[in-house]
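> Here it is, the structure in full.
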Amino acid sequence: MSFDHNDHYHRLLLRQVPPYCRTALDVGCGTGRFARRLAGLGIKVDAIDPSEEVIAEAITEARRTATGPTPGVRGPRFRRADVTGVQLPRAHYDFISCLASVHHMPFGTVAALRDALAPGGVLVILGCYPERTPLDWVWSLAAVPVNAVVRLTVFVRDKLGSAAAHHKQTQAPVAQPTMPLPQIRREAAALLPGCRIRRLLFWRYLLVFRKAADRTQGGGR
């Protein structure tokens with residue numbers, strides 16, 4: 001069924017975008033759905049993913065869904081790249097997003113993302129974690145019936161919808177998360193001081209980090 005847990009949280013993530021946002025980076029962008037939503041807000045978006053196949057799909061999908069040029073608005077700039085092996089511009093981005101991608105890389109990579117934020121910029125991570133504690137299992141069990149209902153609803157909607165709703169997209173590579181949530185909290189507190197982390201229902205957590213504003217710096221925007 002076409003229900004995607006990451007897509008489900010797009011609106012929540014978009015609410016974290018600063019009102020002055022002009023530049024954004026989407027790390028592990030997959031087929032580009034969230035990057036396109038950011039670009040639709042008039043933001044200049046760089047979107048990277050190490051998978052050549054999903055980047056090709058992202059470019060194709062952006063062209064397929066385009067409805068025509070909009071003055072002052074352009075689509076994301078998709079690029080095949082591994083964030084652990086590229087030099088990110090320092091103090092450049094107003095917003096950086098990572099949707100279910102941080103567990104594909106060393107968690108310490110968030111330090112490079114932190115440094116790439118412009119003063120006052122926001123980093124959001126929609127992360128995955130393995131069940132290790134009784135509380136983890138309680139949240140997982142609570143999510144199971146809700147997940148079943150939502151998947152069935154989406155399935156029925158797609159069956160009744162247009163042919164476009166059945167367009168099959170390339171699936172980004174997946175990996176099982178290995179870092180439990182308590183460890184994520186500890187490492188995030190050291191690397192992203194002042195960040196907030198909360199559990200979400202569908203086996204996810206949300207991390208939000210806001211970089212201190214520095215009126216002496218203009219960033220790279």
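Each chain of the structure tokens is named A, B, ... in the order shown, its residues numbered from 1; ligands are numbered from 1 in display order.
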Using the chain letters and numbers from this document, which residues of stretch 39-88 of chain A does DSSP assign to strand (DSSP E), as an MDAnalysis selection string?

chainID A and resid 44:49 77:80

> If you measure from atom CA of A:Cys98 to atom CA of A:Leu126, what distance in Å do you get, rounded to one decimal?

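According to the coordinates, atom CA of A:Cys98 and atom CA of A:Leu126 are separated by 6.1 Å.
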
> As a PyMOL selection string, please: the residues near stretch 41-52 of chain A (cut-off 6 Å, only C-alpha atoms, same-chain neighbours under 4 positions excluded).

chain A and resi 22-29+73+76-82

> Please produce an output containing N, CA, C and O atoms for each residue in the selection, written as a PDB file, in the first residue's frame.


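What follows is the written file result_23.pdb:
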```pdb
ATOM      1  N   ARG A  22      15.310  31.146   2.950  1.00  0.00           N
ATOM      2  CA  ARG A  22      15.586  31.328   1.523  1.00  0.00           C
ATOM      3  C   ARG A  22      16.375  30.162   0.914  1.00  0.00           C
ATOM      4  O   ARG A  22      16.307  29.940  -0.287  1.00  0.00           O
ATOM      5  N   THR A  23      17.130  29.460   1.752  1.00  0.00           N
ATOM      6  CA  THR A  23      17.952  28.354   1.258  1.00  0.00           C
ATOM      7  C   THR A  23      17.722  27.124   2.122  1.00  0.00           C
ATOM      8  O   THR A  23      17.586  27.230   3.348  1.00  0.00           O
ATOM      9  N   ALA A  24      17.694  25.946   1.487  1.00  0.00           N
ATOM     10  CA  ALA A  24      17.462  24.709   2.230  1.00  0.00           C
ATOM     11  C   ALA A  24      18.273  23.578   1.623  1.00  0.00           C
ATOM     12  O   ALA A  24      18.601  23.593   0.424  1.00  0.00           O
ATOM     13  N   LEU A  25      18.584  22.604   2.460  1.00  0.00           N
ATOM     14  CA  LEU A  25      19.271  21.384   2.039  1.00  0.00           C
ATOM     15  C   LEU A  25      18.456  20.204   2.536  1.00  0.00           C
ATOM     16  O   LEU A  25      18.138  20.120   3.724  1.00  0.00           O
ATOM     17  N   ASP A  26      18.123  19.282   1.627  1.00  0.00           N
ATOM     18  CA  ASP A  26      17.431  18.053   2.010  1.00  0.00           C
ATOM     19  C   ASP A  26      18.411  16.901   1.843  1.00  0.00           C
ATOM     20  O   ASP A  26      18.834  16.588   0.720  1.00  0.00           O
ATOM     21  N   VAL A  27      18.782  16.281   2.964  1.00  0.00           N
ATOM     22  CA  VAL A  27      19.813  15.240   2.988  1.00  0.00           C
ATOM     23  C   VAL A  27      19.151  13.868   2.919  1.00  0.00           C
ATOM     24  O   VAL A  27      18.269  13.559   3.726  1.00  0.00           O
ATOM     25  N   GLY A  28      19.596  13.047   1.955  1.00  0.00           N
ATOM     26  CA  GLY A  28      18.950  11.755   1.755  1.00  0.00           C
ATOM     27  C   GLY A  28      17.551  11.963   1.193  1.00  0.00           C
ATOM     28  O   GLY A  28      16.578  11.407   1.698  1.00  0.00           O
ATOM     29  N   CYS A  29      17.473  12.751   0.148  1.00  0.00           N
ATOM     30  CA  CYS A  29      16.189  13.237  -0.369  1.00  0.00           C
ATOM     31  C   CYS A  29      15.329  12.158  -1.014  1.00  0.00           C
ATOM     32  O   CYS A  29      14.134  12.369  -1.260  1.00  0.00           O
ATOM     33  N   VAL A  73       9.991  31.051  -8.648  1.00  0.00           N
ATOM     34  CA  VAL A  73      10.022  29.732  -8.024  1.00  0.00           C
ATOM     35  C   VAL A  73      10.674  28.738  -8.976  1.00  0.00           C
ATOM     36  O   VAL A  73      10.365  28.704 -10.161  1.00  0.00           O
ATOM     37  N   PRO A  76      13.796  21.908  -6.993  1.00  0.00           N
ATOM     38  CA  PRO A  76      15.040  21.609  -6.284  1.00  0.00           C
ATOM     39  C   PRO A  76      16.176  21.297  -7.253  1.00  0.00           C
ATOM     40  O   PRO A  76      15.948  20.829  -8.368  1.00  0.00           O
ATOM     41  N   ARG A  77      17.383  21.512  -6.785  1.00  0.00           N
ATOM     42  CA  ARG A  77      18.568  21.083  -7.530  1.00  0.00           C
ATOM     43  C   ARG A  77      18.980  19.728  -6.969  1.00  0.00           C
ATOM     44  O   ARG A  77      19.570  19.638  -5.895  1.00  0.00           O
ATOM     45  N   PHE A  78      18.641  18.667  -7.699  1.00  0.00           N
ATOM     46  CA  PHE A  78      18.944  17.309  -7.250  1.00  0.00           C
ATOM     47  C   PHE A  78      20.362  16.930  -7.659  1.00  0.00           C
ATOM     48  O   PHE A  78      20.795  17.203  -8.788  1.00  0.00           O
ATOM     49  N   ARG A  79      21.069  16.278  -6.742  1.00  0.00           N
ATOM     50  CA  ARG A  79      22.455  15.895  -7.021  1.00  0.00           C
ATOM     51  C   ARG A  79      22.775  14.595  -6.294  1.00  0.00           C
ATOM     52  O   ARG A  79      22.428  14.427  -5.114  1.00  0.00           O
ATOM     53  N   ARG A  80      23.433  13.689  -6.996  1.00  0.00           N
ATOM     54  CA  ARG A  80      23.892  12.463  -6.344  1.00  0.00           C
ATOM     55  C   ARG A  80      25.124  12.792  -5.514  1.00  0.00           C
ATOM     56  O   ARG A  80      26.146  13.247  -6.043  1.00  0.00           O
ATOM     57  N   ALA A  81      25.027  12.596  -4.204  1.00  0.00           N
ATOM     58  CA  ALA A  81      26.148  12.883  -3.314  1.00  0.00           C
ATOM     59  C   ALA A  81      25.912  12.215  -1.970  1.00  0.00           C
ATOM     60  O   ALA A  81      24.772  12.075  -1.522  1.00  0.00           O
ATOM     61  N   ASP A  82      26.992  11.799  -1.346  1.00  0.00           N
ATOM     62  CA  ASP A  82      26.968  11.259   0.006  1.00  0.00           C
ATOM     63  C   ASP A  82      27.385  12.379   0.943  1.00  0.00           C
ATOM     64  O   ASP A  82      28.498  12.906   0.836  1.00  0.00           O
TER      65      ASP A  82
END
```

> Can you list, as a ChimeraX atom specification, every protein, DNA or RNA residue that comes within 12 Å of A:Leu123 when you count only C-alpha atoms, leaving out same-chain residues fewer than 2 positions away?

/A:13-14,16-18,24-27,93-99,110-121,125-126,188,192,194-197,206-212

> Record the distance separating atom CA of A:Ala142 and atom CA of A:Arg33, expressed in Å with one decimal.

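Going from atom CA of A:Ala142 over to atom CA of A:Arg33, I get 27.3 Å.
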
> One decimal, in Å: what's the spacing between atom CA of A:Leu88 and atom CA of A:Ala189?

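One can read the atom CA of A:Leu88 to atom CA of A:Ala189 distance as 22.1 Å.
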
> Which of stretch 6-210 of chain A counts as helix (DSSP H, G or I) under DSSP, as a ChimeraX atom specification please?

/A:6-8,10-14,33-39,52-65,83-85,102-104,107-116,134-160,163-166,181-191

> Smallest atom-to-atom distance to A:Ala213: which of A:Ala91, A:His103, A:Leu201, A:Tyr129, using only C-alpha atoms?

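With only C-alpha atoms as the atom set, the closest residue is A:Ala91.
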
> Identify, on the basis of only C-alpha atoms, every residue whose closest approach to A:Arg11 does not exceed 12 Å; exclude the query and any residue fewer than 6 positions from it along the same chain; express the result as a list in words.

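That gives Val17, Phe34, Arg37 and Leu38 of chain A.
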
> Could you write those residues out with all heavy atoms, as a PDB file, in the first residue's frame?


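Okay, this is what ended up in part31.pdb:
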```pdb
ATOM      1  N   VAL A  17      10.015  25.189   9.369  1.00  0.00           N
ATOM      2  CA  VAL A  17      10.765  26.056   8.448  1.00  0.00           C
ATOM      3  C   VAL A  17      10.691  27.495   8.950  1.00  0.00           C
ATOM      4  O   VAL A  17       9.598  28.015   9.190  1.00  0.00           O
ATOM      5  CB  VAL A  17      10.200  25.969   7.019  1.00  0.00           C
ATOM      6  CG1 VAL A  17      10.925  26.939   6.090  1.00  0.00           C
ATOM      7  CG2 VAL A  17      10.309  24.540   6.491  1.00  0.00           C
ATOM      8  N   PHE A  34       9.714  15.576  -0.458  1.00  0.00           N
ATOM      9  CA  PHE A  34       9.786  16.674   0.506  1.00  0.00           C
ATOM     10  C   PHE A  34      10.549  17.859  -0.076  1.00  0.00           C
ATOM     11  O   PHE A  34      10.173  19.020   0.151  1.00  0.00           O
ATOM     12  CB  PHE A  34      10.441  16.204   1.806  1.00  0.00           C
ATOM     13  CG  PHE A  34      10.387  17.243   2.896  1.00  0.00           C
ATOM     14  CD1 PHE A  34       9.173  17.577   3.475  1.00  0.00           C
ATOM     15  CD2 PHE A  34      11.536  17.880   3.335  1.00  0.00           C
ATOM     16  CE1 PHE A  34       9.105  18.539   4.482  1.00  0.00           C
ATOM     17  CE2 PHE A  34      11.478  18.836   4.336  1.00  0.00           C
ATOM     18  CZ  PHE A  34      10.265  19.174   4.911  1.00  0.00           C
ATOM     19  N   ARG A  37       8.253  19.932  -2.022  1.00  0.00           N
ATOM     20  CA  ARG A  37       7.363  20.731  -1.188  1.00  0.00           C
ATOM     21  C   ARG A  37       8.083  21.973  -0.656  1.00  0.00           C
ATOM     22  O   ARG A  37       7.494  23.054  -0.577  1.00  0.00           O
ATOM     23  CB  ARG A  37       6.803  19.899  -0.042  1.00  0.00           C
ATOM     24  CG  ARG A  37       5.937  18.747  -0.493  1.00  0.00           C
ATOM     25  CD  ARG A  37       5.140  18.127   0.628  1.00  0.00           C
ATOM     26  NE  ARG A  37       4.059  19.009   1.064  1.00  0.00           N
ATOM     27  CZ  ARG A  37       3.079  18.628   1.876  1.00  0.00           C
ATOM     28  NH1 ARG A  37       3.028  17.386   2.327  1.00  0.00           N
ATOM     29  NH2 ARG A  37       2.141  19.481   2.245  1.00  0.00           N
ATOM     30  N   LEU A  38       9.336  21.825  -0.298  1.00  0.00           N
ATOM     31  CA  LEU A  38      10.107  22.990   0.129  1.00  0.00           C
ATOM     32  C   LEU A  38      10.242  24.000  -1.003  1.00  0.00           C
ATOM     33  O   LEU A  38      10.047  25.210  -0.808  1.00  0.00           O
ATOM     34  CB  LEU A  38      11.500  22.549   0.600  1.00  0.00           C
ATOM     35  CG  LEU A  38      11.606  21.850   1.956  1.00  0.00           C
ATOM     36  CD1 LEU A  38      13.029  21.331   2.159  1.00  0.00           C
ATOM     37  CD2 LEU A  38      11.213  22.788   3.094  1.00  0.00           C
TER      38      LEU A  38
END
```

> Rank nothing, just name the residue among A:Gly40, A:Leu141, A:Pro177, A:Ala35 nearest to A:Met105, using only C-alpha atoms.

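Using only C-alpha atoms, the shortest distance to A:Met105 belongs to A:Pro177.
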
> Show which residues sit within 9 Å of A:Trp203, as JSON, numbers by chain. Count only C-alpha atoms, and ignore same-chain residues fewer than 4 positions away.

{"A": [5, 127, 128, 129, 130, 131, 136, 139, 140, 143, 199]}
